[in-house]
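Quick notes on the structure that follows.
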Amino acid sequence: MKWKDVLIIIAIFIVALNLRPSITSIGPVLNSIRTDLSISSTQVSLLTAIPIFCMGLFAPLAVPMQRRFDYRLAVTMLVALIGVATFIRMFAASYSMLLITSLLVGFAIAIISPMLNTFIKLYFPHKVAAVVSIYSLAMGAGAALSAGFTAVFYKYFEEWPIALGIWGILAIIAIVFWLFAIKRDEGATLFAALSLEIRNPWKTKKAWLLLLFFGLQASLFFSLTTWLAPVAIAHGFSIVTAGAVLTVMSLVQLTTNALLPSALAKYPSTIFWLFILLAVGGIGASCLFISTNSAIWGGAMLLGVTLGGLFPLALTLPLNEARNNEEANAWSSMVMSGGFMMSAIIPLLIGFIYDITRSHLYTKAIYIILIAALLLTVFAINKRNNKA
């Protein structure tokens with residue numbers, strides 16, 4: 001591999017690090033935000049629900065932005081928007097400002113994610129799987145870093161606005177690397193009109209099943225990253241230890257993500273691995289009902305295994321179903337847009353239920369329900385595969 005390609009991959013990695021901390025950093029200090037701002041759990045849940053919903057709502061804007069700007073400039077502007085919105089949290093600690101910054105972050109992430117996917121496909125046509133794996137790994141690393149160190153920053157500075165806003169530093173680093181690695185001619189738009197016949201995913205039952213699966217697995221991920229730390233705190237964990245639980249789950253997720261390609265090479269059945277992962281997740285979620293510290297740690301690790309496998313497999317399902325590249329783009333866009341909007345509901349629902357019940361028993365029950373729904377969806381997908 002050329003040195004220039006290595007620099008570009010490093011730039012992609014650092015840019016991707018910015019796509020999760022502004023969302024996942026909320027979980028470790030959720031209780032502190034709720035107490036200091038005198039808001040309900042439903043209201044604080046909006047801080048993660050809004051950017052997640054935006055990730056689906058604004059994703060279709062990626063194509064027109066790619067056509068209006070080259071990749072170099074477009075990605076730079078979007079990362080800068082993430083950085084500015086994140087830094088604002090450090091100096092404007094009000095609920096309304098947190099909502100506004102969540103909207104801005106969600107808007108930027110929604111557009112930059114498909115743009116990076118397309119850039120990888122165009123620039124590394126023969127190494128797409130490997131580079132996409134690095135890209136996915138970077139997003140997981142960003143989530144793990146923010147899950148673990150937000151609580152540490154909060155304990156050190158004793159201010160949750162600083163603990164949230166400090167993640168804007170990642171955007172500065174990303175912009176520097178991106179502008180250094182990507183030259184102007186390499187960032188030019190590379191669209192070519194295609195005239196292939198494609199199936200409309202919105203009129204295909206299989207595509208709706210894949211959307212449901214993607215939405216459910218994303219719901220499980222964002223529900224865990226938002227509410228697992230408060231669940232651990234309810235079991236008597238300190239805020240730093242609860243953040244560590246979230247970090248361990250994220251690290252296991254990263255490890256599973258890295259090992260999955262080798263596992264698929266040996267046993268290529270996607271459905272087989274989905275059943276295994278969901279069985280592990282069911283055991284992990286059940287552990288959260290046991291009132292011992294070791295059960296919480298064990299449950300978090302098992303759930304990390306499940307999350308680490310579900311996301312990349314959810315991305316590959318529409319690609320495996322598509323008959324050509326244009327159809328792959330259409331199906332992936334439909335699955336991700338609808339799935340992310342769907343996944344914004346569950347974390348919000350958890351906050352609403354907690355406001356009413358003041359108990360995280362229902363939070364843990366929702367984790368079980370999500371895994372059961374995922375199992376049923378996989379059964380339905382497998383049934384349609386057997387009919388095909």
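Each chain in the structure tokens gets a letter, A, B, ..., in the order shown, and its residues are numbered from 1; ligands are numbered from 1 in order too.
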
**Request:** Mind checking which residues fall within 8 Å of Leu228 (chain A), counting only C-alpha atoms, ignoring those fewer than 5 positions away in the same chain, and posting them as a PyMOL selection string?
**Result:** chain A and resi 27+223+242+246

Given the selection you just returned, output its residues as a file containing N, CA and C atoms, formatted as a short mmCIF file (atom, residue, chain, number, x, y, z; two decimals), in the first residue's frame.
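Contents of result31.cif, freshly written:
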data_model
loop_
_atom_site.label_atom_id
_atom_site.label_comp_id
_atom_site.auth_asym_id
_atom_site.auth_seq_id
_atom_site.Cartn_x
_atom_site.Cartn_y
_atom_site.Cartn_z
N GLY A 27 -24.56 9.62 28.01
CA GLY A 27 -24.92 8.55 28.94
C GLY A 27 -24.21 8.60 30.28
N SER A 223 -29.88 2.61 22.98
CA SER A 223 -30.51 2.46 24.30
C SER A 223 -29.48 2.05 25.34
N ALA A 242 -19.53 3.36 36.57
CA ALA A 242 -20.60 3.13 35.59
C ALA A 242 -20.10 3.47 34.19
N LEU A 246 -19.59 0.99 30.70
CA LEU A 246 -19.92 1.34 29.32
C LEU A 246 -18.69 1.20 28.42
#

Got a sec: who's within 9 Å of Ala49 (chain A), counting only C-alpha atoms, leaving out chain neighbours fewer than 4 positions off, as a PDB file with C-alpha atoms, in the first residue's frame?
ATOM      1  CA  ILE A  23     -24.054  11.203  21.297  1.00  0.00           C
ATOM      2  CA  SER A  45     -33.344  11.382  26.404  1.00  0.00           C
ATOM      3  CA  PHE A  53     -33.405  10.739  14.286  1.00  0.00           C
ATOM      4  CA  CYS A  54     -31.493  13.333  12.257  1.00  0.00           C
ATOM      5  CA  SER A 102     -27.765  17.817  19.267  1.00  0.00           C
ATOM      6  CA  PHE A 222     -28.317   3.631  21.415  1.00  0.00           C
ATOM      7  CA  MET A 341     -35.211   7.328  12.542  1.00  0.00           C
ATOM      8  CA  SER A 343     -34.012   3.830  16.583  1.00  0.00           C
ATOM      9  CA  ALA A 344     -34.471   7.337  17.979  1.00  0.00           C
ATOM     10  CA  ILE A 345     -37.760   6.293  19.587  1.00  0.00           C
ATOM     11  CA  ILE A 346     -36.610   3.646  22.070  1.00  0.00           C
ATOM     12  CA  PRO A 347     -34.115   5.692  24.153  1.00  0.00           C
ATOM     13  CA  LEU A 348     -36.781   8.377  24.415  1.00  0.00           C
TER      14      LEU A 348
END

Using only C-alpha atoms, which residues of region 275-378 of chain A come within 6 Å of region 206-216 of chain A, and what is the closest atom pair for each, with the distance in Å to one decimal? Give it as a tab-separated table, sorted by chain and residue number.
residue	atom	partner	partner_atom	distance
A:Ala314	CA	A:Phe214	CA	5.6
A:Val335	CA	A:Leu211	CA	4.3
A:Gly339	CA	A:Gly215	CA	3.7
A:Phe340	CA	A:Gly215	CA	5.9
A:Met342	CA	A:Gly215	CA	5.5
A:Ser343	CA	A:Gly215	CA	5.2

I want to know what sits within 8 Å of Thr76 (chain A), based on only C-alpha atoms, with residues of the same chain fewer than 6 positions away left out; could you give that as a count of residues only? 3

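By chain and then residue number, the residues within 9 Å of Thr255 (chain A) are A:Leu137, A:Ser250, A:Leu260, A:Gly304, A:Val305, A:Gly308, counting only C-alpha atoms and disregarding those fewer than 5 positions away in sequence.
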
- Give me, please, the distance in Å between CA of Phe275 (chain A) and CA of Phe379 (chain A), quoted to one decimal.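 For CA of Phe275 (chain A) relative to CA of Phe379 (chain A), the distance reads 8.9 Å.
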
note - CA of Pro114 (chain A) and CA of Leu259 (chain A) are separated by 24.0 Å

Got a sec: who's within 8 Å of Leu370 (chain A), counting only C-alpha atoms, leaving out chain neighbours fewer than 5 positions off, as a PDB file with C-alpha atoms, in the first residue's frame?
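Done, and the output landed in part-v5.pdb:
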ATOM      1  CA  LEU A 216     -33.968  -2.681  16.073  1.00  0.00           C
ATOM      2  CA  GLN A 217     -30.206  -3.272  16.343  1.00  0.00           C
ATOM      3  CA  SER A 219     -32.269   0.901  18.952  1.00  0.00           C
ATOM      4  CA  LEU A 220     -30.464  -1.639  21.132  1.00  0.00           C
TER       5      LEU A 220
END

Quick one: residues within 9 Å of Leu78 (chain A), only C-alpha atoms counted, chain neighbours fewer than 6 positions away excluded, as a VMD selection string?
-> chain A and resid 105 107 to 109 111 to 112

With N, CA and C atoms retained, could you export that selection as a JSON list (two decimals), in the first residue's frame?
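Result file result02.json:
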[["chain", "number", "residue", "atom", "x", "y", "z"],
["A", 105, "VAL", "N", -25.33, 18.41, 15.43],
["A", 105, "VAL", "CA", -24.48, 17.23, 15.35],
["A", 105, "VAL", "C", -25.15, 16.13, 14.52],
["A", 107, "PHE", "N", -27.39, 16.47, 12.19],
["A", 107, "PHE", "CA", -27.40, 16.89, 10.79],
["A", 107, "PHE", "C", -26.06, 16.58, 10.12],
["A", 108, "ALA", "N", -24.96, 16.92, 10.80],
["A", 108, "ALA", "CA", -23.64, 16.70, 10.22],
["A", 108, "ALA", "C", -23.32, 15.21, 10.08],
["A", 109, "ILE", "N", -23.60, 14.44, 11.11],
["A", 109, "ILE", "CA", -23.31, 13.00, 11.06],
["A", 109, "ILE", "C", -24.13, 12.32, 9.98],
["A", 111, "ILE", "N", -25.07, 13.36, 7.12],
["A", 111, "ILE", "CA", -24.55, 13.58, 5.77],
["A", 111, "ILE", "C", -23.15, 13.00, 5.60],
["A", 112, "ILE", "N", -22.33, 13.15, 6.63],
["A", 112, "ILE", "CA", -20.93, 12.73, 6.49],
["A", 112, "ILE", "C", -20.78, 11.21, 6.42]]

Nearest to Ile39 (chain A), restricted to only C-alpha atoms and choosing among A:Phe352, A:Tyr123, A:Phe237, A:Trp3, comes out as A:Phe352

Exercise. May I ask which of the residues A:Leu99, A:Ala110, A:Met77, A:Ala16 is the closest one to Leu46 (chain A), counting only C-alpha atoms?
Key: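 Smallest distance to Leu46 (chain A) is found for A:Leu99.
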
* Mind checking which residues fall within 9 Å of Ile172 (chain A), counting only C-alpha atoms, ignoring those fewer than 5 positions away in the same chain, and posting them as JSON, numbers by chain? => {"A": [79, 80, 83, 177]}

Hey, can you spit out that residue selection with N, CA and C atoms as a PDB file, in the first residue's frame?
ATOM      1  N   VAL A  79     -17.278  18.161   9.578  1.00  0.00           N
ATOM      2  CA  VAL A  79     -16.521  17.892  10.809  1.00  0.00           C
ATOM      3  C   VAL A  79     -16.412  19.166  11.639  1.00  0.00           C
ATOM      4  N   ALA A  80     -16.214  20.297  10.962  1.00  0.00           N
ATOM      5  CA  ALA A  80     -16.150  21.574  11.669  1.00  0.00           C
ATOM      6  C   ALA A  80     -17.467  21.860  12.386  1.00  0.00           C
ATOM      7  N   GLY A  83     -17.548  19.819  15.486  1.00  0.00           N
ATOM      8  CA  GLY A  83     -16.643  20.384  16.478  1.00  0.00           C
ATOM      9  C   GLY A  83     -17.201  21.627  17.136  1.00  0.00           C
ATOM     10  N   PHE A 177      -5.767  16.481   9.808  1.00  0.00           N
ATOM     11  CA  PHE A 177      -5.353  15.270   9.092  1.00  0.00           C
ATOM     12  C   PHE A 177      -6.053  15.159   7.747  1.00  0.00           C
TER      13      PHE A 177
END

Checklist entry - So which bits of region 67-313 of chain A end up helix (DSSP H, G or I) when you DSSP the backbone, as number ranges by chain? => result A: 67-68, 71-91, 95-123, 128-157, 160-181, 185-187, 201-203, 205-234, 239-266, 270-287, 293-313
